[in-house]
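Read through the structure below, which is laid out as structure tokens, and then see the notes.
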Amino acid sequence: MQSYINIPPNSDFSIHNLPFGIYTTENELVKRIGVAVGEHILDLQFCQNMDFFYDLDFDKKVFYAQNLNSLMALGRATNRIIRNRIQEILLEDFGFEGLIQDYGLVKQSEATMHLPIQIGDYTDFYSSIEHATNVGKMFRDPDNALLPNWRHLPVAYHGRASSIHISGTNFHRPKGQILSEDNKTPIFSATKALDFELEIATIIGSSSKIGESISISESQDYIFGFVLFNDWSARDIQRWEYQPLGPFLGKNFFSSISPWVVTIDALEPFRVESPIQNPPVLDYLKLEGLRNFDIHLSVAIQPENEEETIVCRANFKEMYWNVAQQIAHHTVNGCNLNTGDLLASGTISGSESGTYGSLLELSENGKKPIQLANNQTRTFLEDNDTVIMRGWAEKDEVRVGFGEVKGKVLGIRIELV
Ligand code: MN
């Protein structure tokens with residue numbers, strides 16, 4: 001498949017990808033829907049104004065919205081038809097090449113990206129067996145790292161959508177209750193153990209009805225796509241507060257997502273077998289078909305005015321609980337999912353030390369500093385550190401990437417009196 005647009009060969013945004021996002025430019029301050037292609041954005045309002053979708057049966061108002069929700073709510077079948085048409089528009093024989101080149105494209109370098117969706121409810125899973133084991137050992141009991149339920153259900157907690165922000169938004173080091181040195185009494189302090197969590201978030205397209213359960217096989221039609229997700233975490237706040245009901249202020253101060261939503265259809269070629277689950281799971285969680293995705297991931301830390309160092313390389317395919325099982329479990333009690341809901345995977349860690357998706361694991365809870373370029377070291381994040389996560393799938397010279405999600409830790413917020 002060859003586009004008339006010059007797409008660099010290593011681009012995340014190949015003609016096979018076509019992720020959706022929301023952008024503005026200096027001249028166009030009202031948010032618009034676009035599709036990333038190479039180093040450009042194809043503007044979908046322009047495409048609609050040119051009537052490129054004239055023969056397709058759906059409400060064209062979705063292209064004038066300022067987020068992707070109404071587009072996503074059309075459902076997977078219609079989203080696939082729209083995406084296929086966008087692919088045709090970008091191919092040589094479509095016939096409007098000059099017009100599109102002149103009026104339909106915006107350079108990504110000249111655009112500002114915004115939250116692509118109005119996020120509904122946010123659920124954070126805990127689906128990597130390596131991560132759950134590593135954290136269980138450090139926070140609780142080295143001999144019983146996994147609680148008895150872990151291999152029987154995808155553990156999760158309900159998070160908070162208000163503090164999820166677009167890549168490039170920076171935040172101040174959070175404050176809260178942490179334990180003092182005696183390990184018994186709390187003090188009020190800025191966190192001394194600020195961390196990242198490497199995750200992928202599923203974005204729900206179609207809503208389900210209250211009382212209905214979504215099966216493993218149906219689950220795929222409720223998914224619009226995926227983004228990279230950094231679930232920034234304050235480990236000292238988390239450690240003191242999390243029992244018995246799970247994470248709260250140690251997690252909800254800030255989260256970051258990547259701007260381009262990679263559709264489930266773009267990731268179809270990258271489906272792989274899931275890890276074997278032992279003991280066997282209950283019937284509603286039983287796997288059939290290829291449910292994991294082969295997505296390479298990396299995390300880099302860039303101190304202020306320094307070069308970045310990659311501190312983690314992992315792969316989404318190793319997740320013990322996959323997205324289909326997460327959705328089946330989430331709805332098995334009749335809980336409904338809505339358009340724009342975001343289900344994060346949980347920290348993605350592999351089995352070796354360079355594949356751990358958090359500093360908690362990489363530095364063994366602060367005991368073993370990790371090496372960065374120019375003789376810098378880190379246990380947890382320092383002020384003005386930038387964290388950059390990247391993700392991409394690649395097979396048979398087809399590349400489908402997420403771009404990146406990045407954010408910088410600012411120092412503690414100074415209150416003016
Ligand atoms: Mn998390």
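By order in the structure tokens, chains are A, B, ...; within a chain, residues start at 1; ligands start at 1, following the order shown.
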
Inset, instruction - Name the residues of region 138-254 of chain A that fall into strand (DSSP E or B) according to DSSP on the backbone, using the chain letters and numbers of this document, as number ranges by chain. - result: A: 156-158, 164-166, 171-172, 175-179, 186-190, 194-195, 198-204, 223-230, 233-234

Inset, instruction - Collect all residues with atoms no farther than 8 Å from ligand 1, counting only C-alpha atoms and all ligand atoms, and output them as a VMD selection string. - result: chain A and resid 124 to 126 197 to 199 230 to 233 251 344 to 347

Legend entry - Nearest residue to Gln101 (chain A) from the set A:Phe63, A:Tyr157, A:Trp260, A:Tyr4 (distances using only C-alpha atoms):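 The shortest atom-to-atom distance to Gln101 (chain A) comes from A:Tyr4.
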
Return as a Markdown table the residues of region 216-240 of chain A lying at most 12 Å from region 282-286 of chain A, together with the closest atom-to-atom pair for each and the distance in Å to one decimal, counting only C-alpha atoms, with rows in chain order and ascending residue number.
| residue | atom | partner | partner_atom | distance |
| --- | --- | --- | --- | --- |
| A:Ile216 | CA | A:Leu285 | CA | 6.9 |
| A:Ser217 | CA | A:Lys286 | CA | 10.2 |
| A:Glu218 | CA | A:Tyr284 | CA | 11.8 |
| A:Ser219 | CA | A:Leu285 | CA | 11.4 |

Inset, instruction - Extract, using only C-alpha atoms, all DNA, RNA and protein residues at most 9 Å from Gln371 (chain A), discarding same-chain residues fewer than 4 positions from it, and format them as a PyMOL selection string. - result: chain A and resi 309+311+375-378

Inset, instruction - Find, counting only C-alpha atoms, the residue in A:Phe139, A:Ile257, A:Gln302, A:Val35 that gets nearest to Tyr242 (chain A). - result: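 Checking each candidate against Tyr242 (chain A), we get A:Phe139 as the closest.
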
Inset, instruction - Could you check which of A:Leu287, A:Val262, A:Leu342, A:Leu179 is closest to Phe13 (chain A), using only C-alpha atoms? - result: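 So, comparing all the options, the nearest one is A:Val262.
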
Legend entry - Pick from A:Gly225, A:Asp195, A:Trp240, A:Met72, whichever lies nearest to Asn183 (chain A) using only C-alpha atoms: A:Trp240

Quick one: which region 29-61 of chain A residues come within 12 Å of region 394-412 of chain A, and what is the nearest atom pair for each with the distance in Å to one decimal, counting only C-alpha atoms, rows ordered by chain and ascending number, as a Markdown table?
| residue | atom | partner | partner_atom | distance |
| --- | --- | --- | --- | --- |
| A:Ala36 | CA | A:Gly403 | CA | 10.0 |
| A:Val37 | CA | A:Val400 | CA | 10.8 |
| A:Gly38 | CA | A:Gly401 | CA | 10.7 |
| A:Glu39 | CA | A:Gly403 | CA | 11.0 |

Legend entry - Straight-line distance linking CA of Gly176 (chain A) with CA of Phe188 (chain A), stated in Å to one decimal: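 Taking CA of Gly176 (chain A) as the start and CA of Phe188 (chain A) as the end point, the length is 5.4 Å.
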
Using only C-alpha atoms, I'd like a table of the residues in region 174-233 of chain A that come within 12 Å of region 363-367 of chain A; for each, show the closest atom pair and its distance in Å rounded to one decimal, ordered by chain and ascending number, as a tab-separated table.
residue	atom	partner	partner_atom	distance
A:Lys192	CA	A:Gly366	CA	10.2
A:Ala193	CA	A:Gly366	CA	8.1
A:Leu194	CA	A:Gly366	CA	10.7
A:Asp195	CA	A:Asn365	CA	10.3

Could you please take those selected residues and save C-alpha atoms as an mmCIF file, in the first residue's frame?
data_model
loop_
_atom_site.group_PDB
_atom_site.id
_atom_site.type_symbol
_atom_site.label_atom_id
_atom_site.label_comp_id
_atom_site.auth_asym_id
_atom_site.auth_seq_id
_atom_site.Cartn_x
_atom_site.Cartn_y
_atom_site.Cartn_z
ATOM 1 C CA LYS A 192 10.102 10.982 48.233
ATOM 2 C CA ALA A 193 9.285 7.988 46.063
ATOM 3 C CA LEU A 194 7.742 9.324 42.853
ATOM 4 C CA ASP A 195 7.467 6.670 40.168
#

Legend entry - Which residue of A:Trp392, A:Phe226, A:Phe253, A:Phe196 approaches Ala300 (chain A) most closely, using only C-alpha atoms: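 The shortest atom-to-atom distance to Ala300 (chain A) comes from A:Phe196.
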
Legend entry - Nearest-residue call for Ile129 (chain A), choices A:Ile200, A:Ala145, A:Ile86, A:Ala190, using only C-alpha atoms: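 Comparing A:Ile200, A:Ala145, A:Ile86, A:Ala190 against Ile129 (chain A), the winner is A:Ala145.
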
Inset, instruction - Using DSSP on the backbone, list every residue of region 110-345 of chain A that comes out as helix (DSSP H, G or I), and give them as an NGL selection string. - result: :A and (110 or 129-139 or 216-222 or 235-241 or 264-270 or 283-285 or 316-318 or 323-331)

Inset, instruction - Tell me, as an MDAnalysis selection string, which residues lie within 9 Å of Leu74 (chain A), counting only C-alpha atoms; anything in the same chain fewer than 2 positions away does not count. - result: chainID A and resid 58:59 62 69:72 76:79 205:206

Selection export as an mmCIF file, in the first residue's frame, atoms kept: C-alpha atoms:
data_model
loop_
_atom_site.group_PDB
_atom_site.id
_atom_site.type_symbol
_atom_site.label_atom_id
_atom_site.label_comp_id
_atom_site.auth_asym_id
_atom_site.auth_seq_id
_atom_site.Cartn_x
_atom_site.Cartn_y
_atom_site.Cartn_z
ATOM 1 C CA PHE A 58 -23.666 7.291 9.542
ATOM 2 C CA ASP A 59 -24.182 10.679 11.187
ATOM 3 C CA VAL A 62 -19.218 13.204 14.373
ATOM 4 C CA ASN A 69 -16.700 10.136 21.714
ATOM 5 C CA SER A 70 -19.511 10.459 19.164
ATOM 6 C CA LEU A 71 -17.321 8.888 16.476
ATOM 7 C CA MET A 72 -16.404 6.033 18.816
ATOM 8 C CA ARG A 76 -16.662 -0.916 15.686
ATOM 9 C CA ALA A 77 -18.222 -1.927 12.353
ATOM 10 C CA THR A 78 -18.837 1.693 11.316
ATOM 11 C CA ASN A 79 -15.475 2.824 12.669
ATOM 12 C CA GLY A 205 -16.178 2.641 21.910
ATOM 13 C CA SER A 206 -19.663 1.132 22.224
#

Inset, instruction - Within 9 Å of Leu115 (chain A), counting only C-alpha atoms, which residues show up once you throw out same-chain ones fewer than 6 positions away? Write them as a ChimeraX atom specification, please. - result: /A:21-23,67,164-167,257-259

Take the residues from that selection and write them out as a PDB file, in the first residue's frame, keeping N, CA, C and O atoms.
ATOM      1  N   GLY A  21      -6.995  11.469  16.619  1.00  0.00           N
ATOM      2  CA  GLY A  21      -6.647  12.385  17.702  1.00  0.00           C
ATOM      3  C   GLY A  21      -7.368  13.714  17.544  1.00  0.00           C
ATOM      4  O   GLY A  21      -8.109  13.936  16.578  1.00  0.00           O
ATOM      5  N   ILE A  22      -7.154  14.589  18.527  1.00  0.00           N
ATOM      6  CA  ILE A  22      -7.787  15.915  18.557  1.00  0.00           C
ATOM      7  C   ILE A  22      -6.685  16.968  18.598  1.00  0.00           C
ATOM      8  O   ILE A  22      -5.791  16.890  19.441  1.00  0.00           O
ATOM      9  N   TYR A  23      -6.793  17.955  17.697  1.00  0.00           N
ATOM     10  CA  TYR A  23      -5.704  18.927  17.616  1.00  0.00           C
ATOM     11  C   TYR A  23      -6.232  20.338  17.382  1.00  0.00           C
ATOM     12  O   TYR A  23      -7.375  20.536  16.953  1.00  0.00           O
ATOM     13  N   ASN A  67     -14.220  16.031  20.494  1.00  0.00           N
ATOM     14  CA  ASN A  67     -13.555  14.830  21.011  1.00  0.00           C
ATOM     15  C   ASN A  67     -14.043  13.655  20.172  1.00  0.00           C
ATOM     16  O   ASN A  67     -14.909  13.825  19.310  1.00  0.00           O
ATOM     17  N   ILE A 164      -6.497  12.726  34.560  1.00  0.00           N
ATOM     18  CA  ILE A 164      -5.802  12.138  33.401  1.00  0.00           C
ATOM     19  C   ILE A 164      -5.592  13.251  32.378  1.00  0.00           C
ATOM     20  O   ILE A 164      -6.554  13.915  31.965  1.00  0.00           O
ATOM     21  N   HIS A 165      -4.349  13.461  32.003  1.00  0.00           N
ATOM     22  CA  HIS A 165      -4.028  14.574  31.102  1.00  0.00           C
ATOM     23  C   HIS A 165      -3.265  14.095  29.876  1.00  0.00           C
ATOM     24  O   HIS A 165      -2.737  12.986  29.837  1.00  0.00           O
ATOM     25  N   ILE A 166      -3.230  14.985  28.892  1.00  0.00           N
ATOM     26  CA  ILE A 166      -2.586  14.649  27.626  1.00  0.00           C
ATOM     27  C   ILE A 166      -1.059  14.720  27.775  1.00  0.00           C
ATOM     28  O   ILE A 166      -0.544  15.525  28.553  1.00  0.00           O
ATOM     29  N   SER A 167      -0.383  13.897  27.026  1.00  0.00           N
ATOM     30  CA  SER A 167       1.077  13.911  26.961  1.00  0.00           C
ATOM     31  C   SER A 167       1.603  15.336  26.801  1.00  0.00           C
ATOM     32  O   SER A 167       1.043  16.136  26.057  1.00  0.00           O
ATOM     33  N   ILE A 257      -1.762  10.316  29.141  1.00  0.00           N
ATOM     34  CA  ILE A 257      -2.002   9.421  27.999  1.00  0.00           C
ATOM     35  C   ILE A 257      -1.405  10.001  26.723  1.00  0.00           C
ATOM     36  O   ILE A 257      -1.247  11.221  26.586  1.00  0.00           O
ATOM     37  N   SER A 258      -1.084   9.116  25.794  1.00  0.00           N
ATOM     38  CA  SER A 258      -0.573   9.537  24.490  1.00  0.00           C
ATOM     39  C   SER A 258      -1.729  10.103  23.657  1.00  0.00           C
ATOM     40  O   SER A 258      -2.883   9.733  23.857  1.00  0.00           O
ATOM     41  N   PRO A 259      -1.430  11.008  22.720  1.00  0.00           N
ATOM     42  CA  PRO A 259      -2.505  11.734  22.036  1.00  0.00           C
ATOM     43  C   PRO A 259      -3.221  10.964  20.930  1.00  0.00           C
ATOM     44  O   PRO A 259      -4.362  11.284  20.603  1.00  0.00           O
TER      45      PRO A 259
END

Inset, instruction - Might you pull out every residue within 10 Å of region 93-99 of chain A, with only C-alpha atoms counted and same-chain residues fewer than 2 positions away left off, and present them as an MDAnalysis selection string? - result: chainID A and resid 2:5 50 52 85 87:91 101:105

Inset, instruction - Considering only C-alpha atoms, return as an MDAnalysis selection string whatever protein or nucleic-acid residues lie within 9 Å of Ile310 (chain A), sequence-local ones (same chain, fewer than 4 positions apart) excluded. - result: chainID A and resid 298:302 372 388
